[in-house]
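A.B. asks: My structure is stored as entry19.json, with JSON, C-alpha atoms and all ligand atoms.
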```json
[["chain", "number", "residue", "atom", "x", "y", "z"],
["C", 273, "MET", "CA", 23.57, 13.33, 39.72],
["C", 274, "ILE", "CA", 22.92, 14.03, 43.40],
["C", 275, "ARG", "CA", 24.91, 16.45, 45.48],
["C", 276, "LEU", "CA", 24.41, 17.30, 49.14],
["C", 277, "GLU", "CA", 26.38, 20.14, 50.62],
["C", 278, "GLN", "CA", 26.58, 20.72, 54.38],
["C", 279, "VAL", "CA", 23.14, 19.19, 54.82],
["C", 280, "SER", "CA", 21.66, 19.05, 58.31],
["C", 281, "LYS", "CA", 18.20, 18.01, 59.39],
["C", 282, "LEU", "CA", 16.63, 18.75, 62.75],
["C", 283, "TYR", "CA", 13.30, 17.42, 63.89],
["C", 284, "ARG", "CA", 11.58, 19.50, 66.51],
["C", 285, "THR", "CA", 8.78, 18.17, 68.62],
["C", 286, "GLU", "CA", 7.30, 19.93, 71.66],
["C", 287, "ARG", "CA", 10.12, 19.22, 74.06],
["C", 288, "ILE", "CA", 12.87, 17.49, 72.13],
["C", 289, "GLU", "CA", 15.04, 18.41, 69.23],
["C", 290, "THR", "CA", 16.66, 15.57, 67.29],
["C", 291, "VAL", "CA", 19.59, 16.09, 64.99],
["C", 292, "ALA", "CA", 18.79, 13.46, 62.37],
["C", 293, "LEU", "CA", 21.57, 14.53, 59.97],
["C", 294, "HIS", "CA", 24.60, 16.67, 60.66],
["C", 295, "ASN", "CA", 26.76, 18.37, 58.00],
["C", 296, "VAL", "CA", 26.45, 15.70, 55.35],
["C", 297, "ASN", "CA", 28.45, 16.18, 52.14],
["C", 298, "LEU", "CA", 27.94, 13.67, 49.33],
["C", 299, "THR", "CA", 28.09, 13.35, 45.59],
["C", 300, "ILE", "CA", 26.54, 10.38, 43.84],
["C", 301, "GLU", "CA", 27.12, 9.85, 40.13],
["C", 302, "GLU", "CA", 24.82, 8.35, 37.51],
["C", 303, "GLY", "CA", 25.12, 4.59, 37.19],
["C", 304, "GLU", "CA", 26.28, 4.10, 40.77],
["C", 305, "LEU", "CA", 24.55, 1.69, 43.14],
["C", 306, "VAL", "CA", 25.18, 2.99, 46.63],
["C", 307, "SER", "CA", 24.24, 1.20, 49.84],
["C", 308, "ILE", "CA", 23.42, 3.33, 52.87],
["C", 309, "MET", "CA", 24.20, 1.41, 56.05],
["C", 310, "GLY", "CA", 24.12, 1.97, 59.77],
["C", 311, "PRO", "CA", 22.15, 1.11, 62.90],
["C", 312, "SER", "CA", 18.51, 2.02, 63.37],
["C", 313, "GLY", "CA", 18.03, 5.75, 63.98],
["C", 314, "CYS", "CA", 21.31, 6.79, 62.30],
["C", 315, "GLY", "CA", 19.47, 8.86, 59.66],
["C", 316, "LYS", "CA", 19.13, 6.56, 56.63],
["C", 317, "SER", "CA", 15.46, 7.28, 55.95],
["C", 318, "THR", "CA", 15.93, 10.99, 56.56],
["C", 319, "LEU", "CA", 18.78, 11.07, 54.05],
["C", 320, "LEU", "CA", 16.72, 9.24, 51.42],
["C", 321, "HIS", "CA", 13.73, 11.53, 51.98],
["C", 322, "LEU", "CA", 15.87, 14.62, 51.49],
["C", 323, "MET", "CA", 17.43, 13.20, 48.33],
["C", 324, "GLY", "CA", 13.97, 12.32, 47.06],
["C", 325, "LEU", "CA", 12.57, 15.82, 47.70],
["C", 326, "LEU", "CA", 10.04, 14.35, 50.11],
["C", 327, "ASP", "CA", 11.36, 16.59, 52.85],
["C", 328, "GLU", "CA", 13.61, 19.63, 53.10],
["C", 329, "PRO", "CA", 16.90, 20.11, 54.92],
["C", 330, "SER", "CA", 17.10, 22.44, 57.92],
["C", 331, "GLN", "CA", 20.41, 23.65, 56.54],
["C", 332, "GLY", "CA", 22.49, 23.11, 53.44],
["C", 333, "GLU", "CA", 21.78, 22.37, 49.84],
["C", 334, "VAL", "CA", 20.40, 19.44, 47.84],
["C", 335, "GLU", "CA", 21.05, 19.32, 44.10],
["C", 336, "ILE", "CA", 19.53, 16.77, 41.74],
["C", 337, "ASP", "CA", 20.56, 16.42, 38.11],
["C", 338, "GLY", "CA", 22.11, 19.88, 38.08],
["C", 339, "GLU", "CA", 19.15, 21.62, 39.73],
["C", 340, "THR", "CA", 19.44, 23.09, 43.18],
["C", 341, "ILE", "CA", 16.32, 22.45, 45.19],
["C", 342, "ASP", "CA", 15.48, 25.58, 47.09],
["C", 343, "ARG", "CA", 11.97, 25.42, 48.48],
["C", 344, "ARG", "CA", 11.72, 29.12, 49.05],
["C", 345, "ARG", "CA", 12.12, 29.65, 45.33],
["C", 346, "ARG", "CA", 10.06, 26.78, 44.01],
["C", 347, "SER", "CA", 6.34, 26.21, 44.12],
["C", 348, "ASP", "CA", 4.89, 22.93, 45.40],
["C", 349, "ARG", "CA", 3.77, 22.25, 41.88],
["C", 350, "GLU", "CA", 7.28, 22.63, 40.52],
["C", 351, "LEU", "CA", 8.67, 20.34, 43.22],
["C", 352, "ALA", "CA", 6.04, 17.75, 42.38],
["C", 353, "ARG", "CA", 7.05, 17.98, 38.73],
["C", 354, "LEU", "CA", 10.75, 17.55, 39.59],
["C", 355, "ARG", "CA", 9.93, 14.52, 41.72],
["C", 356, "ASN", "CA", 7.85, 13.01, 38.96],
["C", 357, "GLU", "CA", 10.50, 13.59, 36.30],
["C", 358, "ARG", "CA", 13.65, 12.69, 38.20],
["C", 359, "VAL", "CA", 13.00, 10.55, 41.26],
["C", 360, "GLY", "CA", 11.63, 7.06, 41.80],
["C", 361, "PHE", "CA", 10.99, 5.97, 45.38],
["C", 362, "ILE", "CA", 10.91, 2.34, 46.50],
["C", 363, "PHE", "CA", 9.53, 1.57, 49.96],
["C", 364, "GLN", "CA", 9.87, -1.47, 52.19],
["C", 365, "GLN", "CA", 6.14, -2.15, 51.86],
["C", 366, "PHE", "CA", 6.03, -1.77, 48.03],
["C", 367, "HIS", "CA", 3.31, 0.93, 47.90],
["C", 368, "LEU", "CA", 1.43, -0.57, 44.97],
["C", 369, "ILE", "CA", -2.27, 0.08, 44.43],
["C", 370, "PRO", "CA", -4.08, -3.23, 45.05],
["C", 371, "ASP", "CA", -7.05, -2.53, 42.75],
["C", 372, "LEU", "CA", -4.85, -1.87, 39.74],
["C", 373, "SER", "CA", -3.11, -4.43, 37.55],
["C", 374, "VAL", "CA", 0.67, -4.60, 37.52],
["C", 375, "ALA", "CA", 0.87, -2.71, 34.20],
["C", 376, "ASP", "CA", -1.57, -0.04, 35.44],
["C", 377, "ASN", "CA", 0.51, 0.46, 38.58],
["C", 378, "VAL", "CA", 3.60, 1.04, 36.46],
["C", 379, "GLU", "CA", 1.71, 3.60, 34.36],
["C", 380, "ILE", "CA", 0.73, 5.79, 37.32],
["C", 381, "PRO", "CA", 3.59, 8.33, 37.16],
["C", 382, "LEU", "CA", 3.13, 8.53, 33.39],
["C", 383, "LEU", "CA", -0.44, 9.81, 33.79],
["C", 384, "TYR", "CA", 1.05, 13.22, 34.59],
["C", 385, "ARG", "CA", 2.78, 13.41, 31.23],
["C", 386, "LYS", "CA", 1.56, 14.21, 27.76],
["C", 387, "LEU", "CA", 1.43, 10.67, 26.41],
["C", 388, "SER", "CA", -1.22, 8.62, 24.63],
["C", 389, "GLY", "CA", -2.61, 5.52, 26.36],
["C", 390, "LYS", "CA", -0.74, 3.39, 23.85],
["C", 391, "GLU", "CA", 2.57, 5.13, 24.56],
["C", 392, "ARG", "CA", 2.03, 4.74, 28.30],
["C", 393, "ARG", "CA", 1.30, 1.06, 27.96],
["C", 394, "SER", "CA", 4.33, 0.44, 25.80],
["C", 395, "LEU", "CA", 6.66, 2.21, 28.28],
["C", 396, "ALA", "CA", 5.15, 0.20, 31.15],
["C", 397, "LEU", "CA", 5.54, -3.13, 29.35],
["C", 398, "ALA", "CA", 9.14, -2.35, 28.39],
["C", 399, "ALA", "CA", 9.98, -1.50, 32.00],
["C", 400, "LEU", "CA", 8.31, -4.68, 33.29],
["C", 401, "ASP", "CA", 10.32, -6.66, 30.77],
["C", 402, "ARG", "CA", 13.55, -5.19, 32.16],
["C", 403, "VAL", "CA", 12.78, -6.48, 35.65],
["C", 404, "GLY", "CA", 11.75, -9.91, 34.34],
["C", 405, "LEU", "CA", 7.99, -9.54, 34.82],
["C", 406, "SER", "CA", 6.69, -9.72, 31.25],
["C", 407, "SER", "CA", 4.47, -12.65, 32.15],
["C", 408, "ARG", "CA", 2.80, -10.85, 35.07],
["C", 409, "THR", "CA", 1.53, -7.60, 33.54],
["C", 410, "ARG", "CA", -2.18, -8.43, 33.95],
["C", 411, "HIS", "CA", -1.88, -9.80, 37.46],
["C", 412, "PHE", "CA", -2.87, -7.86, 40.56],
["C", 413, "PRO", "CA", -0.29, -7.07, 43.25],
["C", 414, "THR", "CA", -1.72, -9.59, 45.74],
["C", 415, "GLN", "CA", -1.18, -12.36, 43.20],
["C", 416, "LEU", "CA", 2.57, -11.71, 43.24],
["C", 417, "SER", "CA", 5.33, -12.60, 45.71],
["C", 418, "GLY", "CA", 6.89, -9.82, 47.77],
["C", 419, "GLY", "CA", 9.98, -9.80, 45.57],
["C", 420, "GLN", "CA", 7.87, -9.54, 42.42],
["C", 421, "GLN", "CA", 5.86, -6.67, 43.93],
["C", 422, "GLN", "CA", 9.05, -4.85, 44.74],
["C", 423, "ARG", "CA", 10.22, -5.34, 41.14],
["C", 424, "VAL", "CA", 6.94, -3.78, 39.95],
["C", 425, "ALA", "CA", 7.88, -0.72, 42.04],
["C", 426, "ILE", "CA", 11.29, -0.69, 40.36],
["C", 427, "ALA", "CA", 9.65, -1.02, 36.92],
["C", 428, "ARG", "CA", 7.46, 1.96, 37.81],
["C", 429, "ALA", "CA", 10.59, 4.05, 38.46],
["C", 430, "LEU", "CA", 12.19, 2.80, 35.22],
["C", 431, "ALA", "CA", 9.08, 3.62, 33.16],
["C", 432, "GLN", "CA", 9.10, 7.07, 34.68],
["C", 433, "ASN", "CA", 12.68, 7.36, 33.35],
["C", 434, "ALA", "CA", 13.83, 8.50, 36.79],
["C", 435, "LYS", "CA", 17.42, 9.75, 37.04],
["C", 436, "VAL", "CA", 17.57, 8.67, 40.64],
["C", 437, "ILE", "CA", 16.04, 5.66, 42.40],
["C", 438, "LEU", "CA", 15.87, 5.83, 46.18],
["C", 439, "ALA", "CA", 15.05, 2.61, 47.97],
["C", 440, "ASP", "CA", 14.39, 2.64, 51.72],
["C", 441, "GLU", "CA", 15.06, -0.88, 53.01],
["C", 442, "PRO", "CA", 13.71, -2.43, 49.81],
["C", 443, "VAL", "CA", 14.43, -6.02, 50.87],
["C", 444, "ALA", "CA", 13.77, -5.79, 54.61],
["C", 445, "SER", "CA", 10.59, -7.84, 54.39],
["C", 446, "LEU", "CA", 11.77, -10.32, 51.76],
["C", 447, "ASP", "CA", 13.28, -13.81, 51.82],
["C", 448, "PRO", "CA", 16.89, -14.20, 50.58],
["C", 449, "GLU", "CA", 15.99, -15.39, 47.08],
["C", 450, "SER", "CA", 13.51, -12.55, 46.48],
["C", 451, "SER", "CA", 16.03, -10.09, 47.92],
["C", 452, "ALA", "CA", 18.56, -11.17, 45.31],
["C", 453, "THR", "CA", 16.10, -10.68, 42.43],
["C", 454, "VAL", "CA", 15.23, -7.20, 43.72],
["C", 455, "LEU", "CA", 18.89, -6.21, 44.00],
["C", 456, "GLU", "CA", 19.47, -7.56, 40.50],
["C", 457, "SER", "CA", 16.68, -5.32, 39.21],
["C", 458, "LEU", "CA", 18.26, -2.34, 40.97],
["C", 459, "ARG", "CA", 21.52, -3.26, 39.21],
["C", 460, "VAL", "CA", 19.64, -3.23, 35.89],
["C", 461, "ALA", "CA", 18.58, 0.34, 36.69],
["C", 462, "ALA", "CA", 22.14, 1.36, 37.61],
["C", 463, "ALA", "CA", 23.47, -0.21, 34.41],
["C", 464, "ALA", "CA", 21.02, 2.00, 32.50],
["C", 465, "GLY", "CA", 22.62, 5.07, 34.09],
["C", 466, "VAL", "CA", 20.28, 5.62, 37.03],
["C", 467, "ALA", "CA", 21.86, 6.67, 40.34],
["C", 468, "VAL", "CA", 20.52, 4.05, 42.76],
["C", 469, "ILE", "CA", 20.70, 4.61, 46.50],
["C", 470, "ALA", "CA", 19.36, 1.89, 48.77],
["C", 471, "SER", "CA", 19.46, 1.44, 52.51],
["C", 472, "LEU", "CA", 20.42, -2.14, 53.27],
["C", 473, "HIS", "CA", 21.11, -3.99, 56.49],
["C", 474, "GLN", "CA", 22.60, -7.18, 55.07],
["C", 475, "VAL", "CA", 26.35, -6.98, 54.71],
["C", 476, "HIS", "CA", 26.47, -9.80, 52.14],
["C", 477, "LEU", "CA", 23.95, -8.05, 49.86],
["C", 478, "ALA", "CA", 25.80, -4.73, 50.07],
["C", 479, "THR", "CA", 29.10, -6.51, 49.37],
["C", 480, "HIS", "CA", 27.70, -8.35, 46.38],
["C", 481, "TYR", "CA", 25.62, -5.63, 44.72],
["C", 482, "ALA", "CA", 26.76, -2.15, 45.78],
["C", 483, "ASP", "CA", 29.55, -0.17, 44.12],
["C", 484, "ARG", "CA", 29.95, 1.98, 47.16],
["C", 485, "ILE", "CA", 28.91, 2.04, 50.80],
["C", 486, "ILE", "CA", 28.03, 5.09, 52.82],
["C", 487, "ALA", "CA", 27.88, 4.32, 56.53],
["C", 488, "LEU", "CA", 26.03, 6.73, 58.81],
["C", 489, "ARG", "CA", 26.38, 7.04, 62.54],
["C", 490, "GLY", "CA", 24.38, 9.48, 64.63],
["C", 491, "GLY", "CA", 23.42, 11.46, 61.53],
["C", 492, "ALA", "CA", 26.98, 11.93, 60.26],
["C", 493, "VAL", "CA", 28.90, 10.12, 57.53],
["C", 494, "LEU", "CA", 31.15, 7.58, 59.26],
["C", 495, "GLN", "CA", 32.58, 5.98, 56.12],
["C", 496, "ASP", "CA", 32.10, 6.58, 52.40],
["C", 497, "ALA", "CA", 34.17, 4.34, 50.16],
["C", 498, "PRO", "CA", 34.04, 1.76, 47.35],
["C", 499, "THR", "CA", 32.57, -1.54, 48.55],
["C", 500, "ALA", "CA", 35.81, -3.42, 47.82],
["C", 501, "THR", "CA", 37.61, -1.44, 50.54],
["C", 502, "PHE", "CA", 35.25, -2.75, 53.27],
["C", 503, "ASP", "CA", 36.49, -5.81, 55.16],
["C", 504, "PRO", "CA", 34.77, -7.61, 58.08],
["C", 505, "PRO", "CA", 36.27, -5.26, 60.74],
["C", 506, "ALA", "CA", 35.06, -2.25, 58.74],
["C", 507, "PHE", "CA", 31.54, -3.70, 58.67],
["C", 508, "ALA", "CA", 31.75, -4.49, 62.39],
["C", 509, "GLN", "CA", 32.61, -0.85, 63.03],
["C", 510, "ILE", "CA", 29.45, 0.29, 61.22],
["C", 511, "TYR", "CA", 27.30, -1.47, 63.80],
["C", 512, "ASP", "CA", 29.60, -0.93, 66.80],
["C", 513, "ARG", "CA", 27.39, 0.26, 69.66],
["C", 514, "THR", "CA", 30.23, 1.71, 71.74],
["C", 515, "GLY", "CA", 31.27, 3.93, 68.85],
["C", 516, "GLU", "CA", 27.68, 5.05, 68.45],
["C", 517, "ARG", "CA", 27.56, 6.36, 72.02],
["C", 518, "GLN", "CA", 30.87, 8.15, 71.61],
["C", 519, "VAL", "CA", 29.65, 9.97, 68.56],
["C", 520, "ALA", "CA", 26.40, 10.86, 70.30],
["C", 521, "ARG", "CA", 28.31, 12.38, 73.24],
["C", 522, "SER", "CA", 30.65, 14.43, 71.11],
["C", 523, "GLY", "CA", 27.59, 15.69, 69.19],
["T", 601, "LIG", "P1", 16.95, 5.29, 60.21],
["T", 601, "LIG", "O1", 16.17, 5.27, 58.95],
["T", 601, "LIG", "O2", 18.43, 5.13, 60.00],
["T", 601, "LIG", "O3", 16.45, 4.31, 61.23],
["T", 601, "LIG", "P2", 15.73, 7.91, 60.61],
["T", 601, "LIG", "O4", 16.20, 8.77, 59.50],
["T", 601, "LIG", "O5", 14.36, 7.35, 60.51],
["T", 601, "LIG", "O6", 16.81, 6.74, 60.87],
["T", 601, "LIG", "O7", 15.81, 8.74, 61.98],
["T", 601, "LIG", "C1", 16.94, 9.49, 62.37],
["T", 601, "LIG", "C2", 16.64, 10.18, 63.69],
["T", 601, "LIG", "O8", 15.63, 11.16, 63.52],
["T", 601, "LIG", "C3", 16.12, 9.24, 64.77],
["T", 601, "LIG", "O9", 16.62, 9.68, 66.00],
["T", 601, "LIG", "C4", 14.63, 9.41, 64.70],
["T", 601, "LIG", "O10", 14.04, 9.14, 65.94],
["T", 601, "LIG", "C5", 14.48, 10.87, 64.31],
["T", 601, "LIG", "N1", 13.28, 11.14, 63.51],
["T", 601, "LIG", "C6", 13.01, 10.61, 62.29],
["T", 601, "LIG", "N2", 11.85, 11.09, 61.80],
["T", 601, "LIG", "C7", 11.37, 11.96, 62.74],
["T", 601, "LIG", "C8", 10.21, 12.79, 62.84],
["T", 601, "LIG", "N3", 9.31, 12.84, 61.84],
["T", 601, "LIG", "N4", 10.05, 13.54, 63.95],
["T", 601, "LIG", "C9", 10.96, 13.52, 64.96],
["T", 601, "LIG", "N5", 12.07, 12.76, 64.93],
["T", 601, "LIG", "C10", 12.29, 11.98, 63.84],
["T", 602, "MG", "MG", 14.65, 4.04, 58.31]]
```
Can the structure in the file be given as structure tokens, please?
Ligand code: ADP
Ligand code: MG
C.D. replies:
Amino acid sequence: MIRLEQVSKLYRTERIETVALHNVNLTIEEGELVSIMGPSGCGKSTLLHLMGLLDEPSQGEVEIDGETIDRRRRSDRELARLRNERVGFIFQQFHLIPDLSVADNVEIPLLYRKLSGKERRSLALAALDRVGLSSRTRHFPTQLSGGQQQRVAIARALAQNAKVILADEPVASLDPESSATVLESLRVAAAAGVAVIASLHQVHLATHYADRIIALRGGAVLQDAPTATFDPPAFAQIYDRTGERQVARSG
């Protein structure tokens, strides 16, 4: 569903050049729930942005759902269409529109499609049902808990029929119980065949919900394996500061 080949990303500012990602090769299949892990600054957000077509690699290739994304050959309009059809993005701070009801928020990406108002509403309500929010469709975002707001964002991606859901620290600002409900909704999406990629910091959540863990260190893939193969020492290594410096020195 997603393929990255030899992907690197450099950020240039006036005096410094940062290698945010270095020669990343990955394939993520439909129905997989993948947790991206690693210390702050290791490149998690950059990786998710590239996968979500929100930014472009400095080198290498990104392919989504069989289509290679080459910005030189695609117009902005075409990229926007691809994003709208294939990718749902979930942010730490929910990104819901406060003046719109829950159902209206879920309908937003559908406004760009040729659908009647009735069809849009029925897709939105079905998606809200799948994340357990049937009783909240007329509420406004501020009337919901953080976990419920995040599930509205997931419902929005489901209504959109996204092939890929990218979630950048989706539970970082939530309490443990809300975090669990959000991860369960992401599992619902994966069970429906969506490729779900989420950056997570909590080892217990990754262990419980992810099929696979990709650990980044200094912009490179440190480990990429099924969750069951990670034991406590493997998790400790992901956040090992000494190792981080070594990798930084060897470039
Ligand atoms: P993470 O999400 O794992 O904390 P990021 O992907 O945000 O990591 O950042 C990876 C590296 O790229 C960091 O060194 C960060 O400072 C740098 N970086 C991220 N975004 C930018 C940017 N827009 N301009 C310059 N440097 C950036
Ligand atoms: Mg980040």
A.B. asks: What are the centre and the three edge lengths of an axis-aligned box that wraps all atoms of range 276-294 of chain C in the file, given that 4 Å is added to every side, written as lines of an AutoDock Vina configuration file and rounded to one decimal in Å?
C.D. replies:
```
center_x = 16.9
center_y = 17.1
center_z = 61.6
size_x = 27.3
size_y = 15.3
size_z = 32.9
```
A.B. asks: Taking all atoms listed in the file and a cut-off of 9 Å, can you tell me which residues surround ligand LIG 601 (chain T), written as an NGL selection string?
C.D. replies: :C and (281-285 or 288-293 or 308-321 or 440-441 or 471 or 488-491)
A.B. asks: Quick check, in Å to one decimal: how far apart do CA of Thr453 in chain C and CA of Ala399 in chain C lie?
C.D. replies: 15.2 Å
A.B. asks: Calculate how many Å separate CA of Leu400 in chain C from CA of Asp337 in chain C, rounding to one decimal.
C.D. replies: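 Value for the CA of Leu400 in chain C-CA of Asp337 in chain C distance: 24.9 Å.
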A.B. asks: For a quick check of understanding, using only C-alpha atoms and all ligand atoms, which of C:Ala470, C:Val296, C:Leu368, C:Val493 has the smallest distance to ligand MG 602 (chain T)?
C.D. replies: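 Answer, going by the shortest atom-to-atom distance: C:Ala470.
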A.B. asks: For each of C:Gln364, C:Ala398, C:Glu449, C:Arg345, take the minimum atom-to-atom distance to ligand MG 602 (chain T), counting all atoms listed in the file, then give the residue where this is smallest.
C.D. replies: C:Gln364
A.B. asks: In Å, with one decimal, what is the gap from CA of Lys386 in chain C to CA of Ala431 in chain C?
C.D. replies: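 Atom-to-atom, CA of Lys386 in chain C to CA of Ala431 in chain C, that is 14.1 Å.
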A.B. asks: If we count all atoms listed in the file and set the cut-off at 12 Å, which residues sit around range 387-391 of chain C, ignoring sequence neighbours fewer than 6 positions away in its own chain? Please answer as a list in words.
C.D. replies: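 These residues fall inside the cut-off: Ala375, Asp376, Glu379, Ile380, Pro381, Leu397, Ala398, Ala431 and Gln432 of chain C.
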A.B. asks: Fewer than 3 positions away in the same chain doesn't count, so skip those; otherwise give me all residues within 8 Å of Ser373 in chain C, counting only C-alpha atoms, as a PDB file with C-alpha atoms, keeping the file's coordinate frame.
C.D. replies:
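Listed below is the output, result36.pdb:
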```pdb
ATOM      1  CA  PRO C 370      -4.080  -3.230  45.050  1.00  0.00           C
ATOM      2  CA  ASP C 376      -1.570  -0.040  35.440  1.00  0.00           C
ATOM      3  CA  ASN C 377       0.510   0.460  38.580  1.00  0.00           C
ATOM      4  CA  THR C 409       1.530  -7.600  33.540  1.00  0.00           C
ATOM      5  CA  ARG C 410      -2.180  -8.430  33.950  1.00  0.00           C
ATOM      6  CA  HIS C 411      -1.880  -9.800  37.460  1.00  0.00           C
ATOM      7  CA  PHE C 412      -2.870  -7.860  40.560  1.00  0.00           C
ATOM      8  CA  PRO C 413      -0.290  -7.070  43.250  1.00  0.00           C
TER       9      PRO C 413
END
```
